[in-house]
$ cat coords32.cif   # mmCIF, C-alpha atoms
data_run
#
loop_
_atom_site.label_atom_id
_atom_site.label_comp_id
_atom_site.auth_asym_id
_atom_site.auth_seq_id
_atom_site.Cartn_x
_atom_site.Cartn_y
_atom_site.Cartn_z
CA MET A 1 13.34 33.60 -4.88
CA THR A 2 12.08 30.60 -6.84
CA SER A 3 10.84 30.39 -10.42
CA GLY A 4 10.89 27.91 -13.29
CA GLU A 5 13.36 25.09 -13.93
CA ASN A 6 16.23 26.81 -12.10
CA PRO A 7 14.30 27.75 -9.00
CA VAL A 8 16.79 29.87 -7.04
CA ILE A 9 17.89 33.36 -8.07
CA GLU A 10 20.37 35.02 -5.72
CA ASP A 11 20.20 38.78 -5.14
CA PHE A 12 16.67 38.79 -6.56
CA ALA A 13 14.82 42.05 -7.18
CA LEU A 14 11.23 42.70 -8.19
CA ILE A 15 10.05 46.01 -9.63
CA HIS A 16 6.33 46.76 -9.39
CA ASP A 17 3.86 49.63 -9.52
CA GLY A 18 1.82 48.49 -6.54
CA ASN A 19 -0.31 46.22 -8.67
CA CYS A 20 1.65 44.55 -11.46
CA ILE A 21 5.21 43.30 -11.74
CA LEU A 22 7.15 45.54 -14.12
CA GLU A 23 10.44 43.63 -14.16
CA THR A 24 12.37 40.97 -12.29
CA GLY A 25 16.06 40.15 -12.18
CA THR A 26 19.05 40.70 -9.95
CA TRP A 27 19.35 43.78 -7.78
CA SER A 28 22.86 44.49 -9.06
CA VAL A 29 21.44 44.99 -12.56
CA LEU A 30 18.00 46.46 -11.90
CA LYS A 31 19.20 49.15 -9.47
CA ASN A 32 20.83 50.91 -12.39
CA THR A 33 17.67 50.79 -14.53
CA PHE A 34 14.84 51.81 -12.19
CA SER A 35 14.37 54.47 -9.56
CA GLY A 36 11.90 54.71 -6.71
CA ASP A 37 11.36 53.54 -3.15
CA VAL A 38 13.32 50.41 -2.24
CA GLN A 39 12.31 47.78 0.31
CA ASP A 40 15.14 45.48 1.35
CA LEU A 41 13.73 42.26 2.83
CA GLY A 42 17.13 41.06 3.98
CA GLU A 43 18.34 37.46 3.86
CA VAL A 44 15.04 35.79 3.01
CA THR A 45 13.61 33.64 0.24
CA ILE A 46 10.56 34.98 -1.54
CA VAL A 47 8.18 32.96 -3.69
CA PRO A 48 4.99 33.79 -5.62
CA GLY A 49 1.96 34.62 -3.50
CA LEU A 50 0.48 31.38 -2.18
CA ILE A 51 -2.85 29.98 -3.37
CA ASN A 52 -5.34 28.22 -1.10
CA ALA A 53 -7.34 26.14 -3.58
CA HIS A 54 -10.09 25.15 -1.12
CA VAL A 55 -11.49 26.93 1.91
CA HIS A 56 -14.89 27.59 3.51
CA LEU A 57 -14.61 31.07 5.03
CA GLU A 58 -18.27 31.28 6.05
CA LEU A 59 -17.38 28.75 8.78
CA SER A 60 -14.66 30.99 10.27
CA HIS A 61 -16.61 31.35 13.54
CA LEU A 62 -16.39 27.61 14.27
CA LYS A 63 -12.74 27.17 15.28
CA GLY A 64 -12.46 24.44 17.91
CA ARG A 65 -16.18 23.65 17.85
CA THR A 66 -16.10 20.28 16.05
CA VAL A 67 -14.81 16.85 17.04
CA GLN A 68 -11.44 15.59 15.83
CA GLY A 69 -10.37 12.18 14.62
CA LYS A 70 -13.75 10.43 14.97
CA GLY A 71 -14.68 10.08 11.31
CA PHE A 72 -16.83 12.01 8.88
CA THR A 73 -20.31 11.20 10.23
CA ASN A 74 -19.38 12.21 13.78
CA TRP A 75 -17.68 15.35 12.48
CA ILE A 76 -20.80 16.28 10.49
CA LYS A 77 -22.98 15.77 13.57
CA SER A 78 -20.76 18.11 15.58
CA LEU A 79 -20.70 20.62 12.73
CA LEU A 80 -24.49 20.65 12.47
CA SER A 81 -24.81 21.32 16.19
CA ASN A 82 -23.49 24.82 15.50
CA PRO A 83 -25.10 27.85 13.81
CA LEU A 84 -23.38 27.15 10.49
CA TYR A 85 -24.54 29.97 8.31
CA ASP A 86 -24.95 32.83 10.77
CA LEU A 87 -22.20 34.77 9.06
CA ASP A 88 -19.73 36.41 11.43
CA SER A 89 -18.22 39.10 9.23
CA GLU A 90 -15.56 39.94 11.81
CA ALA A 91 -14.42 36.30 12.00
CA VAL A 92 -14.27 36.10 8.20
CA SER A 93 -12.28 39.33 8.01
CA GLU A 94 -9.84 38.08 10.63
CA ALA A 95 -9.43 34.78 8.77
CA VAL A 96 -8.76 36.54 5.46
CA GLN A 97 -6.24 38.90 7.05
CA GLN A 98 -4.44 36.00 8.74
CA MET A 99 -4.27 34.20 5.39
CA ARG A 100 -2.78 37.30 3.78
CA ASP A 101 -0.28 37.69 6.63
CA ASN A 102 0.82 34.08 6.03
CA GLY A 103 1.48 34.74 2.35
CA THR A 104 -1.79 33.64 0.73
CA ALA A 105 -2.63 35.88 -2.22
CA PHE A 106 -5.55 33.97 -3.74
CA CYS A 107 -8.13 31.50 -2.48
CA VAL A 108 -11.08 29.47 -3.69
CA ASP A 109 -13.81 30.04 -1.15
CA ILE A 110 -16.84 27.77 -1.06
CA SER A 111 -20.01 29.20 0.48
CA THR A 112 -23.36 27.51 0.88
CA ARG A 113 -25.34 30.57 2.00
CA ASN A 114 -23.06 33.61 2.06
CA CYS A 115 -21.23 33.73 -1.25
CA ALA A 116 -21.71 37.42 -2.10
CA GLN A 117 -21.04 38.63 1.45
CA VAL A 118 -17.79 36.68 1.77
CA ALA A 119 -16.74 37.85 -1.69
CA SER A 120 -17.19 41.47 -0.64
CA ILE A 121 -15.05 40.93 2.47
CA MET A 122 -12.25 39.31 0.46
CA ASP A 123 -12.42 42.07 -2.14
CA LYS A 124 -12.25 44.80 0.50
CA LEU A 125 -9.13 43.20 2.02
CA GLY A 126 -7.37 42.77 -1.33
CA MET A 127 -7.46 38.97 -1.41
CA GLY A 128 -7.59 37.46 -4.89
CA PHE A 129 -10.43 34.97 -5.05
CA TYR A 130 -13.07 32.83 -6.60
CA ALA A 131 -16.19 33.10 -4.45
CA CYS A 132 -17.97 29.86 -5.26
CA CYS A 133 -21.68 29.53 -4.56
CA GLU A 134 -22.12 25.89 -3.63
CA ALA A 135 -25.01 24.00 -5.22
CA ILE A 136 -26.53 21.55 -2.77
CA GLY A 137 -29.88 19.79 -2.73
CA THR A 138 -32.02 17.64 -4.98
CA GLN A 139 -34.03 20.38 -6.70
CA GLN A 140 -34.15 20.47 -10.48
CA PRO A 141 -32.25 23.39 -12.03
CA LYS A 142 -34.57 25.98 -13.54
CA GLN A 143 -34.25 27.05 -17.14
CA GLY A 144 -32.00 30.11 -17.34
CA ALA A 145 -31.05 29.92 -13.66
CA LYS A 146 -28.03 31.87 -12.45
CA PHE A 147 -25.80 29.82 -10.17
CA PHE A 148 -23.57 32.64 -8.97
CA PRO A 149 -23.79 36.47 -8.72
CA GLN A 150 -23.05 38.39 -11.90
CA LYS A 151 -21.38 41.15 -9.88
CA GLU A 152 -17.96 42.57 -10.68
CA PHE A 153 -15.22 42.68 -8.07
CA THR A 154 -11.77 44.26 -8.06
CA TYR A 155 -9.77 41.23 -6.96
CA GLY A 156 -11.86 38.20 -7.87
CA ARG A 157 -14.90 36.61 -9.45
CA ALA A 158 -17.97 34.72 -8.36
CA ALA A 159 -18.37 31.16 -9.61
CA GLY A 160 -20.40 28.02 -9.01
CA ALA A 161 -19.40 24.80 -7.27
CA GLY A 162 -20.96 21.40 -6.78
CA HIS A 163 -21.08 20.19 -3.19
CA SER A 164 -20.90 16.44 -3.81
CA LEU A 165 -22.37 13.50 -5.67
CA TYR A 166 -24.40 12.39 -2.64
CA SER A 167 -25.91 15.75 -1.64
CA THR A 168 -26.51 17.46 -4.99
CA GLY A 169 -28.75 16.19 -7.75
CA SER A 170 -26.96 15.04 -10.88
CA GLU A 171 -28.77 17.51 -13.15
CA LEU A 172 -27.91 20.38 -10.83
CA LEU A 173 -24.24 19.33 -10.75
CA GLN A 174 -24.21 19.21 -14.53
CA ALA A 175 -25.96 22.57 -14.90
CA VAL A 176 -23.43 24.32 -12.66
CA LYS A 177 -20.59 22.69 -14.56
CA ILE A 178 -22.02 23.96 -17.85
CA ALA A 179 -22.45 27.47 -16.41
CA ASN A 180 -18.88 27.58 -15.12
CA ASP A 181 -17.50 26.27 -18.40
CA ALA A 182 -19.40 28.95 -20.33
CA ALA A 183 -17.87 31.63 -18.09
CA GLY A 184 -14.36 30.17 -18.36
CA LEU A 185 -14.30 29.26 -14.67
CA PRO A 186 -12.97 26.19 -12.85
CA TYR A 187 -15.48 23.75 -11.38
CA PRO A 188 -14.76 22.68 -7.76
CA ILE A 189 -16.46 19.62 -6.30
CA HIS A 190 -15.81 17.49 -3.20
CA LEU A 191 -14.99 14.04 -4.57
CA ALA A 192 -14.10 10.67 -3.02
CA GLU A 193 -13.65 12.25 0.39
CA ASN A 194 -14.79 9.50 2.74
CA ALA A 195 -16.13 5.97 3.15
CA GLU A 196 -19.66 7.32 3.66
CA GLU A 197 -19.59 8.73 0.14
CA ASP A 198 -18.43 5.38 -1.24
CA GLU A 199 -21.38 3.60 0.37
CA ILE A 200 -23.97 6.15 -0.70
CA VAL A 201 -22.87 6.21 -4.34
CA ALA A 202 -22.52 2.44 -4.54
CA GLN A 203 -25.56 1.36 -2.52
CA GLY A 204 -27.48 4.40 -1.24
CA THR A 205 -27.19 3.14 2.34
CA GLY A 206 -25.57 3.94 5.65
CA GLU A 207 -26.06 6.17 8.68
CA PHE A 208 -24.97 9.26 6.79
CA ALA A 209 -27.37 8.44 3.96
CA GLU A 210 -30.21 8.31 6.47
CA MET A 211 -29.17 11.69 7.86
CA LEU A 212 -29.21 13.21 4.38
CA LYS A 213 -32.54 11.59 3.58
CA GLY A 214 -34.07 13.03 6.71
CA ALA A 215 -32.86 16.50 5.70
CA GLY A 216 -34.13 16.09 2.14
CA LEU A 217 -30.58 16.22 0.78
CA LEU A 218 -29.95 12.65 -0.35
CA ALA A 219 -29.26 12.83 -4.07
CA ASP A 220 -30.28 9.97 -6.33
CA SER A 221 -26.75 8.61 -6.61
CA GLY A 222 -27.23 5.31 -4.81
CA ASN A 223 -27.55 1.76 -6.06
CA LYS A 224 -25.20 2.54 -8.93
CA GLY A 225 -22.60 -0.01 -7.92
CA LEU A 226 -20.02 2.60 -8.85
CA ARG A 227 -17.19 4.37 -7.11
CA PRO A 228 -17.51 8.17 -6.82
CA VAL A 229 -14.95 8.87 -9.56
CA GLU A 230 -16.70 6.41 -11.88
CA TYR A 231 -20.06 8.06 -11.25
CA ALA A 232 -18.68 11.58 -11.71
CA ASP A 233 -17.15 10.47 -14.99
CA GLN A 234 -20.46 8.97 -16.08
CA LEU A 235 -22.06 12.39 -15.45
CA ASP A 236 -19.41 14.12 -17.62
CA LEU A 237 -18.19 16.18 -14.68
CA LEU A 238 -14.52 15.37 -15.15
CA ASP A 239 -12.29 17.40 -17.45
CA GLU A 240 -9.44 19.91 -17.39
CA SER A 241 -11.69 22.55 -15.75
CA THR A 242 -12.64 20.32 -12.82
CA LEU A 243 -11.04 20.78 -9.41
CA ALA A 244 -11.63 17.52 -7.55
CA VAL A 245 -11.20 18.26 -3.85
CA HIS A 246 -9.90 15.70 -1.31
CA CYS A 247 -9.70 12.45 -3.37
CA VAL A 248 -8.94 10.48 -0.21
CA ARG A 249 -10.70 7.33 -1.40
CA VAL A 250 -9.28 6.86 -4.89
CA ASN A 251 -7.69 3.67 -6.24
CA GLU A 252 -5.39 3.12 -9.20
CA GLU A 253 -8.28 2.96 -11.66
CA ASP A 254 -9.74 6.19 -10.29
CA ILE A 255 -6.38 7.94 -10.54
CA SER A 256 -5.98 6.73 -14.10
CA THR A 257 -9.40 8.17 -14.97
CA LEU A 258 -8.59 11.50 -13.35
CA ALA A 259 -5.29 11.66 -15.22
CA GLU A 260 -6.87 10.75 -18.55
CA ARG A 261 -9.55 13.42 -18.12
CA LYS A 262 -6.85 15.95 -17.10
CA VAL A 263 -8.72 16.69 -13.88
CA ASN A 264 -6.99 18.91 -11.31
CA VAL A 265 -6.83 17.54 -7.77
CA CYS A 266 -6.80 19.62 -4.59
CA LEU A 267 -5.49 17.76 -1.55
CA CYS A 268 -6.43 18.89 1.97
CA PRO A 269 -4.11 16.71 4.09
CA ARG A 270 -4.56 18.27 7.51
CA SER A 271 -8.34 18.48 7.15
CA ASN A 272 -8.55 14.78 6.32
CA GLU A 273 -6.38 14.00 9.34
CA TYR A 274 -8.40 16.31 11.60
CA ILE A 275 -11.69 14.64 10.67
CA GLY A 276 -10.23 11.13 10.75
CA GLU A 277 -10.83 10.15 7.13
CA GLY A 278 -7.37 8.76 6.48
CA ARG A 279 -5.22 10.32 3.80
CA ALA A 280 -5.25 10.45 0.04
CA PRO A 281 -2.69 8.36 -1.84
CA TRP A 282 -0.57 11.46 -2.39
CA GLU A 283 2.31 9.57 -3.94
CA MET A 284 0.20 7.81 -6.58
CA ILE A 285 -1.64 11.00 -7.45
CA LEU A 286 1.55 13.01 -7.89
CA GLU A 287 3.39 10.29 -9.78
CA SER A 288 0.44 9.95 -12.18
CA GLY A 289 1.13 13.41 -13.54
CA ILE A 290 -2.18 14.85 -12.31
CA ASN A 291 -1.93 18.60 -11.76
CA THR A 292 -2.11 18.72 -7.97
CA CYS A 293 -2.48 21.57 -5.51
CA LEU A 294 -3.28 22.11 -1.84
CA GLY A 295 -6.09 23.65 0.21
CA THR A 296 -6.80 23.98 3.91
CA ASP A 297 -10.57 23.39 3.94
CA SER A 298 -12.34 25.28 6.75
CA ILE A 299 -11.23 26.22 10.24
CA ALA A 300 -13.96 23.81 11.39
CA SER A 301 -11.84 20.94 10.05
CA ASN A 302 -8.32 22.27 10.47
CA HIS A 303 -6.08 23.94 13.02
CA ASP A 304 -5.48 27.07 10.92
CA LEU A 305 -5.66 28.30 7.33
CA SER A 306 -1.90 28.56 6.73
CA MET A 307 -0.73 27.18 3.40
CA TRP A 308 2.81 26.95 4.76
CA ASN A 309 1.58 24.63 7.51
CA GLU A 310 -0.36 22.58 4.94
CA LEU A 311 2.71 22.18 2.76
CA GLU A 312 4.94 21.38 5.74
CA TYR A 313 2.56 18.64 6.90
CA LEU A 314 2.53 17.00 3.49
CA LEU A 315 6.30 17.18 3.00
CA LYS A 316 6.97 15.67 6.42
CA ASN A 317 4.61 12.75 5.78
CA ILE A 318 4.94 11.97 2.09
CA ASN A 319 6.89 8.88 1.01
CA ILE A 320 8.50 10.23 -2.16
CA SER A 321 11.15 12.88 -2.61
CA MET A 322 10.16 16.21 -4.09
CA SER A 323 12.32 18.96 -5.50
CA THR A 324 12.01 22.52 -4.28
CA ALA A 325 10.17 23.50 -7.45
CA GLU A 326 7.76 20.55 -7.22
CA ALA A 327 6.96 21.26 -3.58
CA LEU A 328 6.36 24.98 -4.05
CA ALA A 329 4.28 24.33 -7.18
CA LEU A 330 1.65 22.68 -4.95
CA VAL A 331 0.82 26.09 -3.48
CA THR A 332 1.71 28.34 -6.43
CA SER A 333 1.96 27.40 -10.11
CA ASN A 334 -0.04 24.15 -10.03
CA SER A 335 -2.86 25.95 -8.26
CA ALA A 336 -2.76 28.85 -10.72
CA LYS A 337 -3.00 26.43 -13.64
CA ALA A 338 -5.89 24.52 -12.09
CA LEU A 339 -7.80 27.74 -11.43
CA LYS A 340 -7.11 29.34 -14.84
CA ILE A 341 -5.38 32.30 -13.22
CA ASP A 342 -1.82 31.62 -14.34
CA ASP A 343 -1.86 34.83 -16.36
CA SER A 344 -1.82 36.73 -13.04
CA TYR A 345 -0.64 34.35 -10.30
CA GLY A 346 1.64 31.39 -9.73
CA SER A 347 5.03 32.89 -10.62
CA LEU A 348 7.01 36.09 -10.23
CA GLU A 349 7.04 37.30 -13.81
CA LYS A 350 6.56 40.58 -15.62
CA GLY A 351 2.88 41.42 -16.09
CA LYS A 352 1.60 39.29 -13.22
CA ARG A 353 0.14 40.57 -9.98
CA ALA A 354 2.77 41.89 -7.59
CA VAL A 355 2.14 39.47 -4.73
CA TYR A 356 4.72 37.31 -3.01
CA ALA A 357 5.32 35.30 0.14
CA THR A 358 8.37 34.85 2.34
CA VAL A 359 9.44 31.30 3.16
CA PRO A 360 9.34 30.81 6.96
CA ALA A 361 12.83 30.27 8.35
CA HIS A 362 11.94 26.88 9.85
CA LEU A 363 10.98 25.57 6.40
CA GLU A 364 14.19 26.55 4.63
CA ASP A 365 15.89 23.21 5.36
CA LEU A 366 12.80 21.25 4.37
CA LEU A 367 12.43 23.01 1.02
CA PHE A 368 16.00 23.70 -0.08
#
$ encode --input "coords32.cif" --output "structure tokens"
Amino acid sequence: MTSGENPVIEDFALIHDGNCILETGTWSVLKNTFSGDVQDLGEVTIVPGLINAHVHLELSHLKGRTVQGKGFTNWIKSLLSNPLYDLDSEAVSEAVQQMRDNGTAFCVDISTRNCAQVASIMDKLGMGFYACCEAIGTQQPKQGAKFFPQKEFTYGRAAGAGHSLYSTGSELLQAVKIANDAAGLPYPIHLAENAEEDEIVAQGTGEFAEMLKGAGLLADSGNKGLRPVEYADQLDLLDESTLAVHCVRVNEEDISTLAERKVNVCLCPRSNEYIGEGRAPWEMILESGINTCLGTDSIASNHDLSMWNELEYLLKNINISMSTAEALALVTSNSAKALKIDDSYGSLEKGKRAVYATVPAHLEDLLF
């Protein structure tokens, strides 16, 4: 088991009532204090339930139906050749169950068309979640508009999200941010993901810009002469509630800005590799002190939705050493802090939700 500064507790025991953790400690002590059914997991290492900080479950029917390694514009073209938003409830249910089986206890799902439906599926299957309704388009936000359902769920909440600087009007991005802030919710937004975004924000040009223009989705972000992080900062979108997803194309100045604004960053390493966008400067981001977590993105841009596989990929390719606690924090406590759910998730402590994951045997040597 791992927790806190001294991450390993031998002979660990967790007492729970099926929902909340009642006590933690060593089995030799707790067995004399509590009574009830006992589940012995054997010689394994358990950690807090994993958190997938960025996924698009409404695309769960698109596994293997997009191109790999050919860059963002070509990936988008292949994505758009599919029936994107014809929700396949069975595929979503299977994806959620597979995530749970792999130790994921909470996820941030981004839906363009099917927010409420996906939320209901996650809730039914006991997955903790934010179901984020993604704002996209150049329309002006209406006075008093609701950007996400005001429905109550057992295991999660609905929220808003901004798609990106290039596809969502600035006033709409700001309005969703204000709405999320008022509700005490994090604000996810794709940021600095690819070279196409750089060109659109700086100059308003490029093949992808023309595609967006033709679809009526090209936001008025061009000809600014700015980098995406600079423009987002100019719009007051960056603060401690912001979850900036991807951040592949950030330089030292961008990273400094993100750190100063206390922005949370969600890296999606395997998705970036799958699409062919390059990789974020993981080392610089982590060494800057930015609160950093991991997400898988969708099955349309990844091989699976396993957070263990995401963490393994990063650890095998990163050029700095990380302690066990630092590595596991990327999929547990850092994520919980970024998402404002650290009162219930992120560590195995009394009062938190009784969810945990078992470290796969093949990762033991990599993590410990």
$ atom_distance --input "coords32.cif" --atom1 "CA of Phe147 in chain A" --atom2 "CA of Ala183 in chain A"
11.4 Å
$ resolve_selection --input "coords32.cif" --expression "the PyMOL selection byres ((chain A and resi 347) around 9)" --output "NGL selection string"
:A and (2-4 or 47-49 or 332-333 or 336 or 342 or 344-346 or 348-349 or 352 or 356)
$ atom_distance --input "coords32.cif" --atom1 "CA of Arg65 in chain A" --atom2 "CA of Cys247 in chain A"
24.9 Å
$ residues_around --input "coords32.cif" --residues "Val8 in chain A" --least-positions-apart "5" --cutoff "12 Å" --atoms "only C-alpha atoms" --output "PyMOL selection string"
chain A and resi 1-3+25-26+44-47+323-325+328+367-368
$ residues_near_point --input "coords32.cif" --point "(-7.9, 41.8, -8.3)" --cutoff "8 Å" --atoms "only C-alpha atoms" --output "list of chain:residue names"
A:Asp123, A:Gly126, A:Met127, A:Gly128, A:Phe129, A:Phe153, A:Thr154, A:Tyr155, A:Gly156
$ residues_near_point --input "coords32.cif" --point "(-19.8, 14.2, -4.4)" --cutoff "12 Å" --atoms "all atoms listed in the file" --output "MDAnalysis selection string"
chainID A and resid 134:137 161:170 173 188:201 218:222 227:233 235 237 244:247 249
$ resolve_selection --input "coords32.cif" --expression "the PyMOL selection byres ((chain A and resi 337-339) around 12)" --output "number ranges by chain"
A: 51-54, 106-108, 128-130, 156-157, 159, 180, 184-188, 239-245, 262-266, 290-294, 329-336, 340-347
$ closest_residue --input "coords32.cif" --among "A:Thr104, A:Ser28, A:Thr296, A:Asn251" --to "Asn272 in chain A" --atoms "all atoms listed in the file"
A:Thr296
$ atom_distance --input "coords32.cif" --atom1 "CA of Lys63 in chain A" --atom2 "CA of Ala300 in chain A"
5.3 Å
$ closest_residue --input "coords32.cif" --among "A:Pro149, A:Leu238, A:Arg270, A:Thr138" --to "Leu217 in chain A" --atoms "all atoms listed in the file"
A:Thr138
$ resolve_selection --input "coords32.cif" --expression "the PyMOL selection byres ((chain A and resi 273) around 12)" --output "PDB file with C-alpha atoms, keeping the file's coordinate frame"
ATOM      1  CA  VAL A  67     -14.810  16.850  17.040  1.00  0.00           C
ATOM      2  CA  GLN A  68     -11.440  15.590  15.830  1.00  0.00           C
ATOM      3  CA  GLY A  69     -10.370  12.180  14.620  1.00  0.00           C
ATOM      4  CA  LYS A  70     -13.750  10.430  14.970  1.00  0.00           C
ATOM      5  CA  GLY A  71     -14.680  10.080  11.310  1.00  0.00           C
ATOM      6  CA  PHE A  72     -16.830  12.010   8.880  1.00  0.00           C
ATOM      7  CA  TRP A  75     -17.680  15.350  12.480  1.00  0.00           C
ATOM      8  CA  GLU A 193     -13.650  12.250   0.390  1.00  0.00           C
ATOM      9  CA  ASN A 194     -14.790   9.500   2.740  1.00  0.00           C
ATOM     10  CA  HIS A 246      -9.900  15.700  -1.310  1.00  0.00           C
ATOM     11  CA  VAL A 248      -8.940  10.480  -0.210  1.00  0.00           C
ATOM     12  CA  LEU A 267      -5.490  17.760  -1.550  1.00  0.00           C
ATOM     13  CA  CYS A 268      -6.430  18.890   1.970  1.00  0.00           C
ATOM     14  CA  PRO A 269      -4.110  16.710   4.090  1.00  0.00           C
ATOM     15  CA  ARG A 270      -4.560  18.270   7.510  1.00  0.00           C
ATOM     16  CA  SER A 271      -8.340  18.480   7.150  1.00  0.00           C
ATOM     17  CA  ASN A 272      -8.550  14.780   6.320  1.00  0.00           C
ATOM     18  CA  TYR A 274      -8.400  16.310  11.600  1.00  0.00           C
ATOM     19  CA  ILE A 275     -11.690  14.640  10.670  1.00  0.00           C
ATOM     20  CA  GLY A 276     -10.230  11.130  10.750  1.00  0.00           C
ATOM     21  CA  GLU A 277     -10.830  10.150   7.130  1.00  0.00           C
ATOM     22  CA  GLY A 278      -7.370   8.760   6.480  1.00  0.00           C
ATOM     23  CA  ARG A 279      -5.220  10.320   3.800  1.00  0.00           C
ATOM     24  CA  ALA A 280      -5.250  10.450   0.040  1.00  0.00           C
ATOM     25  CA  THR A 296      -6.800  23.980   3.910  1.00  0.00           C
ATOM     26  CA  ASP A 297     -10.570  23.390   3.940  1.00  0.00           C
ATOM     27  CA  SER A 301     -11.840  20.940  10.050  1.00  0.00           C
ATOM     28  CA  ASN A 302      -8.320  22.270  10.470  1.00  0.00           C
ATOM     29  CA  HIS A 303      -6.080  23.940  13.020  1.00  0.00           C
ATOM     30  CA  GLU A 310      -0.360  22.580   4.940  1.00  0.00           C
ATOM     31  CA  TYR A 313       2.560  18.640   6.900  1.00  0.00           C
ATOM     32  CA  LEU A 314       2.530  17.000   3.490  1.00  0.00           C
ATOM     33  CA  ASN A 317       4.610  12.750   5.780  1.00  0.00           C
TER      34      ASN A 317
END
$ closest_residue --input "coords32.cif" --among "A:Asn74, A:Leu62, A:Gln39, A:Pro360" --to "Glu207 in chain A" --atoms "only C-alpha atoms"
A:Asn74
$ closest_residue --input "coords32.cif" --among "A:Gln139, A:Arg113, A:Thr73, A:Asp101" --to "Asp86 in chain A" --atoms "all atoms listed in the file"
A:Arg113
$ closest_residue --input "coords32.cif" --among "A:Ile318, A:Phe34, A:Asn309, A:Glu326" --to "Gly103 in chain A" --atoms "all atoms listed in the file"
A:Asn309
